[in-house]
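Down below is the structure, laid out as structure tokens.
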Amino acid sequence: MATPAEPGRNLYVKVYEGNIPAKDLLDSDPYVQVTVGDETVETPVDDDTTKPRWNWSHTFQNVTPDARMKFHVYGDDATDVDDDLGSIQMTVRQFLYNNEDKRQTIHAGDSRIDVKARWEA
């Protein structure tokens, strides 16, 4: 007999700030693309910096602990394809393990971003 699927919950994700490699001479125009399950959203672009402060948040709906979670850092490029500055992925369960609602630093390639996530009631 199959076990019933775990119901989805709402997952709050906050992207605080980062330390991003320079791609345009001395700086970058970084943003983070966050994917949880099938939904992808983006922080605003923080222009002309390698130390962005996004302080951005989003609540993902109907998420299970085994859903894939990906943080992908890009540098906005008005004249060409956006620069890939690194990414990291894991399950929601792996990300939250002993870290629910705690700010943590994750490394996405050469980029570092400070984020947190928590289940919402």
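Naming scheme: A, B, ... for chains in displayed order of the structure tokens; residues 1 onward per chain; ligands 1 onward as shown.
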- Excluding A:Ala67 and any residue of its chain fewer than 3 positions from it, enumerate the residues within 6 Å of it, using only C-alpha atoms, and give them as a PyMOL selection string. chain A and resi 37+64+91-92
- Message: Using only C-alpha atoms, which protein or nucleic acid residues come within 8 Å of A:Val45? Drop anything in the same chain fewer than 5 positions from it, and give the result as an MDAnalysis selection string.
- Response: chainID A and resid 29:31 76
Include N, CA and C atoms and write out the residues we just selected as a PDB file, in the first residue's frame.
```pdb
ATOM      1  N   ASP A  29      26.238  43.865 -11.536  1.00  0.00           N
ATOM      2  CA  ASP A  29      24.856  44.293 -11.322  1.00  0.00           C
ATOM      3  C   ASP A  29      24.079  43.037 -10.926  1.00  0.00           C
ATOM      4  N   PRO A  30      24.324  42.523  -9.710  1.00  0.00           N
ATOM      5  CA  PRO A  30      23.835  41.195  -9.362  1.00  0.00           C
ATOM      6  C   PRO A  30      22.362  41.121  -8.970  1.00  0.00           C
ATOM      7  N   TYR A  31      21.816  39.948  -9.244  1.00  0.00           N
ATOM      8  CA  TYR A  31      20.500  39.563  -8.742  1.00  0.00           C
ATOM      9  C   TYR A  31      20.511  38.065  -8.519  1.00  0.00           C
ATOM     10  N   ASP A  76      23.421  41.285 -14.140  1.00  0.00           N
ATOM     11  CA  ASP A  76      22.598  41.858 -15.205  1.00  0.00           C
ATOM     12  C   ASP A  76      23.511  42.496 -16.250  1.00  0.00           C
TER      13      ASP A  76
END
```
Find the residues near stretch 97-103 of chain A: any atom within 6 Å, counting only C-alpha atoms, skip ones fewer than 3 places away on the same chain, and give them as an mmCIF file with C-alpha atoms, in the first residue's frame.
```cif
data_model
loop_
_atom_site.group_PDB
_atom_site.id
_atom_site.type_symbol
_atom_site.label_atom_id
_atom_site.label_comp_id
_atom_site.auth_asym_id
_atom_site.auth_seq_id
_atom_site.Cartn_x
_atom_site.Cartn_y
_atom_site.Cartn_z
ATOM 1 C CA ARG A 93 14.762 19.596 3.805
ATOM 2 C CA GLN A 94 18.552 19.837 3.370
ATOM 3 C CA VAL A 115 19.654 33.794 3.127
ATOM 4 C CA LYS A 116 17.123 32.206 5.448
ATOM 5 C CA ALA A 117 13.951 30.186 5.070
ATOM 6 C CA ARG A 118 11.151 28.956 7.325
#
```
- Message: So the first atom is atom CA of A:Asp46 and the second is atom CA of A:Phe60; what is the distance between them in Å, to one decimal place?
- Response: 22.5 Å
- Task: Could you tell me, as a PyMOL selection string, which residues of stretch 85-121 of chain A DSSP assigns to helix (DSSP H, G or I) when given the backbone?
- Result: chain A and resi 92-96
- Query: stretch 5-105 of chain A: which residues are strand (DSSP E) by DSSP, as a PyMOL selection string?
  - Reply: chain A and resi 9-19+30-36+39-42+53-63+68-75+83-91+104-105
- Message: Set the distance at 8 Å and use only C-alpha atoms: which residues neighbour A:Asn19 once local chain neighbours fewer than 4 positions away are removed? I'd like the list as a VMD selection string.
- Response: chain A and resid 50 to 52 111 to 113
Spatial neighbours of A:Met69, 9 Å, only C-alpha atoms, chain gap at least 5 places, as an mmCIF file with N, CA and C atoms, in the first residue's frame:
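Contents of selection.cif, freshly written:
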```cif
data_model
loop_
_atom_site.group_PDB
_atom_site.id
_atom_site.type_symbol
_atom_site.label_atom_id
_atom_site.label_comp_id
_atom_site.auth_asym_id
_atom_site.auth_seq_id
_atom_site.Cartn_x
_atom_site.Cartn_y
_atom_site.Cartn_z
ATOM 1 N N VAL A 34 15.691 32.592 -7.517
ATOM 2 C CA VAL A 34 15.395 31.563 -6.518
ATOM 3 C C VAL A 34 14.306 30.658 -7.070
ATOM 4 N N THR A 35 14.589 29.358 -7.086
ATOM 5 C CA THR A 35 13.621 28.370 -7.551
ATOM 6 C C THR A 35 13.316 27.416 -6.418
ATOM 7 N N VAL A 36 12.033 27.211 -6.159
ATOM 8 C CA VAL A 36 11.580 26.194 -5.219
ATOM 9 C C VAL A 36 10.502 25.403 -5.946
ATOM 10 N N GLY A 37 10.761 24.110 -6.130
ATOM 11 C CA GLY A 37 9.834 23.298 -6.913
ATOM 12 C C GLY A 37 9.775 23.812 -8.336
ATOM 13 N N ILE A 88 23.711 27.085 -6.607
ATOM 14 C CA ILE A 88 23.738 25.957 -5.690
ATOM 15 C C ILE A 88 22.311 25.444 -5.562
ATOM 16 N N GLN A 89 22.159 24.124 -5.441
ATOM 17 C CA GLN A 89 20.831 23.571 -5.252
ATOM 18 C C GLN A 89 20.862 22.446 -4.232
ATOM 19 N N MET A 90 19.706 22.251 -3.613
ATOM 20 C CA MET A 90 19.535 21.230 -2.591
ATOM 21 C C MET A 90 18.030 21.034 -2.414
ATOM 22 N N THR A 91 17.635 20.103 -1.553
ATOM 23 C CA THR A 91 16.215 20.005 -1.233
ATOM 24 C C THR A 91 15.895 21.009 -0.129
ATOM 25 N N VAL A 92 14.627 21.328 0.010
ATOM 26 C CA VAL A 92 14.206 22.213 1.099
ATOM 27 C C VAL A 92 14.596 21.597 2.431
ATOM 28 N N PHE A 95 18.221 22.227 3.132
ATOM 29 C CA PHE A 95 18.486 23.636 3.452
ATOM 30 C C PHE A 95 18.053 23.968 4.873
#
```
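Residue nearest A:Thr105 within the list A:Phe71, A:Asp80, A:Thr43, A:Tyr12: A:Phe71 [criterion: smallest interatomic distance, only C-alpha atoms].
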- Task: Skip A:Asp110 itself and residues of its chain fewer than 6 positions away, then list as a ChimeraX atom specification all residues within 7 Å of it, counting only C-alpha atoms.
- Result: /A:21,85-86
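We find atom CA of A:Ile20 and atom CA of A:Glu120 to be spaced 29.7 Å apart.
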- Query: Hey, what's within 6 Å of A:Val32 if we count only C-alpha atoms and toss same-chain stuff fewer than 2 positions away? As a ChimeraX atom specification, please?
  - Reply: /A:42-43,72-73
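Shortest atom-to-atom contact with A:Pro7 among A:Pro65, A:Gly75, A:His107, A:Lys70: A:Pro65, counting only C-alpha atoms.
The spacing separating atom CA of A:Asn55 from atom CA of A:Lys23 amounts to 22.1 Å.
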